[in-house]
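S.K.: Dumping the structure here so I can ask a few things about it.
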Amino acid sequence: VQELRDENNRLKGEQGKPDIKASKKKNGKDISSEAERQQAQADADAAAGIGEADKDANGKRKRNREPKLPKIRIDREQICHLAKEGMPNDLQFKGYEDVVIQDLIIKTDNVKYRREIYYSPSQKKTYLGELPADVRGQGQFGPGIRSLIPILKTEGGMSEKRLLGFFQNFGIEISPAYISQQWTGGYELFHQEKSDLYRAGIAASDYVHIDDTSARVNGVNHYCQVVCSPLFTGYFTTPNKDRLSVLSVLTDFSPQHYLYGEHAIKLLGTFGLSAKARTAIGAVLQPDLVMTEDEFIDKFIEIDGLGKRQGVHLAEACAIAYYRQQTDFPVIKMLMADDAPQFKLISEYLCVCWIHDGRHDKKLMPIVPIHQAALTDFRGSYWAYYTELLNYKIDPKTDEKTRLDKRFDELFSIKTGYDDLDDRIAKTLAKKAELLNVLEYPKLPLHNNDAELGARVQARVRDVSFQTKSIAGTKIKDTFLTINQTAKKLGISFYEYVFDRVSGAFKLPSLADSVSYTHLTLPTSDLV
């Protein structure tokens, strides 16, 4: 029915319904496994005695409040004098009782600069006194306002219309056009800051999370790729979410190169290309030859008989082969992701999220009571095994590693008689290597929640603005999301950092340096 309505609208010269992806739960059912994950983590902590000191005599968790006073910066002190009228004459001074009251003052700081004017008759030239460096050549607004725009838009989640209202409330005469132009074109230096911190983050991280969420750019569906680790979070919006797009993101949109060699040939076999297709490819492409995008396309045209899908696999295989051996950008060894196909085969190790895998079982909706009981029993065993993995991470032992490996085969080889569940169990068994990397590297996380939380930030941006309208707007959105979320992980004030750069002071170290320094201060990892 909707297609007929769209066609009628097109015949009238109008547009059809926009292609906006739905975000409804399947069959209205909550398929999140977060509650099970949290319970498993609590069980593992309890078994290890972690958190027992935080419980009271009744076993209830104590409220754990960190002291606030040491974190508060004191701007001024004021003495509160005692009114001594009517007091005893023998009062003795015993010092002060400190009470800290936090407050924030927002006020204008409009400055009229009076530039001296001198004229030289001999040179027939006029000379003017220089404006201060932080406002010179920056239009009619100082670094305070120019810093607040990205702060309020990125951290505050304010639209440009709300930004305009905010400034007007304090008597700032500013136009919507200036806010828009400043947002998309006034912060070019931060793009390099993003690239530098991203490179430093990839180089310093033992493993990297990745996930994607929807985005809209000028009415067209896009995807925002979220790449992160405990040291950083990066955002990259792309038109597609295929394997080549992911590779482009992992190298910060470096020019794509291709290498036809031993690894590429092996990947072609993994992709299932026929012997005939591989022979045709080998007849044209020279082994171990690095090709640019244009050179690869020229060679590709010479290959006879390749279908569209085969061509895509050839491009992916050669691009992955080049990525694995190149040294221009740090190569990710361990990639934590869900089971989406675009994330596979890129890194040496793929670590699949247990939470995503567990959601597939929760999607099942059996009607027969015996099938319902089988699903309940299996899910109980699934999360019990997950708890055992958490216990292993706390205290990894060789004999426990062997037992858990064997237990995995036993658990995911059972037959319940419920065909849909048995099919899901078999698919989990096939992902054994990706799910059990933690046995070899206990410091690996078992879930991809870091990337999921990063994706929520992009979702909130989408709620506020729905879409970006231009390439420049999309790029600056990604840049400031990256800088903001990375600053949070490093314990750096986003506002102070942006103000430092916008004012031209550059007193604070770059986020890239902070990422590298934080990495050096962390305990030595066993992920090598």
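Residue numbering restarts at 1 for every chain of the structure tokens, chains are lettered A, B, ... in their displayed order, and ligands are numbered from 1 as they appear.
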Using DSSP on the backbone coordinates, identify the residues of segment 268-449 of chain A assigned to strand (DSSP E); present them as a ChimeraX atom specification.

M.R.: /A:289-292,334-337,349-352

S.K.: Can you tell me, as number ranges by chain, which residues in segment 135-234 of chain A count as alpha helix (DSSP H) by DSSP?

M.R.: A: 143-150, 160-169, 176-185, 189-204

S.K.: Do you know which residues are at most 8 Å from segment 180-186 of chain A counting only C-alpha atoms, after dropping those on the same chain fewer than 4 positions away, and could you put them as a list of chain:residue names?

M.R.: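 In the requested form, the answer reads A:Arg146, A:Ile149, A:Pro150, A:Glu160, A:Pro176, A:Ala472, A:Gly473, A:Ile476.
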
S.K.: Find the spatial neighbours of Glu173 of chain A, counting only C-alpha atoms, within a cut-off of 12 Å - ignore same-chain residues fewer than 4 positions away - and output them as a PDB file with C-alpha atoms, in the first residue's frame.

M.R.:
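As a result, selection.pdb now contains:
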ATOM      1  CA  THR A 108      29.169  39.155  29.036  1.00  0.00           C
ATOM      2  CA  ASN A 110      32.112  42.774  25.605  1.00  0.00           C
ATOM      3  CA  GLN A 140      33.241  40.117  15.998  1.00  0.00           C
ATOM      4  CA  PHE A 141      33.240  37.373  18.616  1.00  0.00           C
ATOM      5  CA  ILE A 145      31.676  32.528  22.391  1.00  0.00           C
ATOM      6  CA  LEU A 164      20.849  31.267  19.251  1.00  0.00           C
ATOM      7  CA  GLY A 165      18.337  31.522  22.090  1.00  0.00           C
ATOM      8  CA  PHE A 166      21.057  30.841  24.677  1.00  0.00           C
ATOM      9  CA  PHE A 167      23.265  33.698  23.474  1.00  0.00           C
ATOM     10  CA  GLN A 168      20.338  36.097  23.077  1.00  0.00           C
ATOM     11  CA  ASN A 169      19.358  35.469  26.708  1.00  0.00           C
ATOM     12  CA  TYR A 178      27.181  33.138  11.992  1.00  0.00           C
ATOM     13  CA  ILE A 179      26.545  30.148  14.268  1.00  0.00           C
TER      14      ILE A 179
END

S.K.: So which residues touch Leu481 of chain A within 7 Å, counting only C-alpha atoms, skipping near sequence neighbours fewer than 3 positions away, as a list in words?

M.R.: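 Near Leu481 of chain A, the qualifying residues are Thr154, Tyr235, Lys477, Asp478, Asn484 and Gln485 of chain A.
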
S.K.: Write the residues of the preceding selection, restricted to N, CA and C atoms, as a PDB file, in the first residue's frame.

M.R.:
ATOM      1  N   THR A 154      27.896  19.954  21.172  1.00  0.00           N
ATOM      2  CA  THR A 154      28.352  18.570  21.303  1.00  0.00           C
ATOM      3  C   THR A 154      28.013  17.983  22.661  1.00  0.00           C
ATOM      4  N   TYR A 235      34.684   8.782  15.816  1.00  0.00           N
ATOM      5  CA  TYR A 235      33.431   8.727  15.046  1.00  0.00           C
ATOM      6  C   TYR A 235      33.720   9.039  13.579  1.00  0.00           C
ATOM      7  N   LYS A 477      30.925  17.436  13.027  1.00  0.00           N
ATOM      8  CA  LYS A 477      30.177  16.681  14.046  1.00  0.00           C
ATOM      9  C   LYS A 477      30.990  15.500  14.536  1.00  0.00           C
ATOM     10  N   ASP A 478      31.537  14.733  13.596  1.00  0.00           N
ATOM     11  CA  ASP A 478      32.363  13.586  13.960  1.00  0.00           C
ATOM     12  C   ASP A 478      33.607  14.001  14.731  1.00  0.00           C
ATOM     13  N   ASN A 484      35.430  15.164  22.253  1.00  0.00           N
ATOM     14  CA  ASN A 484      34.685  15.203  23.511  1.00  0.00           C
ATOM     15  C   ASN A 484      34.758  13.874  24.253  1.00  0.00           C
ATOM     16  N   GLN A 485      34.448  12.782  23.558  1.00  0.00           N
ATOM     17  CA  GLN A 485      34.421  11.476  24.216  1.00  0.00           C
ATOM     18  C   GLN A 485      35.817  11.012  24.619  1.00  0.00           C
TER      19      GLN A 485
END

S.K.: Which of these, A:Pro396, A:Gly307, A:Pro330, A:Pro255, has the shortest distance to Ser274 of chain A once you count only C-alpha atoms?

M.R.: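 Using only C-alpha atoms, the shortest distance to Ser274 of chain A belongs to A:Gly307.
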
S.K.: At most 10 Å is the cut-off: for each residue in segment 299-413 of chain A with any atom that close to an atom of segment 277-292 of chain A, write down the nearest atom pair and the distance in Å rounded to one decimal, counting only C-alpha atoms, chain first then increasing number, as CSV.

M.R.:
residue,atom,partner,partner_atom,distance
A:Lys299,CA,A:Val284,CA,6.9
A:Phe300,CA,A:Val284,CA,8.2
A:Ile301,CA,A:Val284,CA,9.7
A:Glu302,CA,A:Val284,CA,6.9
A:Ile303,CA,A:Ile281,CA,6.1
A:Asp304,CA,A:Ala280,CA,6.6
A:Gly305,CA,A:Ala277,CA,7.2
A:Leu306,CA,A:Ala277,CA,6.5
A:Gly307,CA,A:Ala277,CA,9.2
A:Gln310,CA,A:Ala277,CA,8.0
A:Gly311,CA,A:Ala277,CA,9.8
A:Leu314,CA,A:Ile281,CA,8.6
A:Cys318,CA,A:Val290,CA,9.1
A:Ala319,CA,A:Met291,CA,9.5
A:Ala321,CA,A:Asp288,CA,9.7
A:Tyr322,CA,A:Val290,CA,7.4

S.K.: Counting only C-alpha atoms, what is within 10 Å of Cys353 of chain A, bar same-chain residues fewer than 6 positions away, as a list of chain:residue names?

M.R.: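 The neighbour list is A:His209, A:Met336, A:Ala337, A:Asp338, A:Asp339, A:Glu434, A:Leu435, A:Pro445, A:Leu446, A:His447, A:Asn448, A:Asn449.
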
S.K.: Select from segment 152-201 of chain A every residue with an atom at most 12 Å from any atom of segment 210-228 of chain A, then for each give the shortest pair of atoms and their distance in Å to one decimal, using only C-alpha atoms, rows by chain and rising number, as a tab-separated table.

M.R.:
residue	atom	partner	partner_atom	distance
A:Leu197	CA	A:Cys228	CA	11.3
A:Tyr198	CA	A:Cys228	CA	9.0
A:Arg199	CA	A:Cys228	CA	11.5
A:Ala200	CA	A:Cys228	CA	11.7
A:Gly201	CA	A:Cys228	CA	8.1

S.K.: Please produce a file of the residues just selected, as a PDB file, in the first residue's frame, where the atoms kept are C-alpha atoms.

M.R.:
ATOM      1  CA  LEU A 197      44.582  11.327  18.582  1.00  0.00           C
ATOM      2  CA  TYR A 198      43.023   8.554  16.489  1.00  0.00           C
ATOM      3  CA  ARG A 199      46.408   7.422  15.219  1.00  0.00           C
ATOM      4  CA  ALA A 200      47.842   7.582  18.736  1.00  0.00           C
ATOM      5  CA  GLY A 201      44.848   5.682  20.128  1.00  0.00           C
TER       6      GLY A 201
END

S.K.: Please compute the atom CA of Pro239 of chain A-atom CA of Arg324 of chain A distance, one decimal, in Å.

M.R.: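 Going from atom CA of Pro239 of chain A over to atom CA of Arg324 of chain A, I get 24.0 Å.
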
S.K.: What does the distance between atom CA of Val457 of chain A and atom CA of Ala487 of chain A come to in Å, to one decimal place?

M.R.: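 Taking atom CA of Val457 of chain A and atom CA of Ala487 of chain A, their separation equals 14.2 Å.
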
S.K.: At a cut-off of 10 Å, using only C-alpha atoms, what residues contact Asn391 of chain A? Leave out same-chain residues fewer than 3 positions from it and give the result as a ChimeraX atom specification.

M.R.: /A:40-41,43-48,385-388,394-396,400
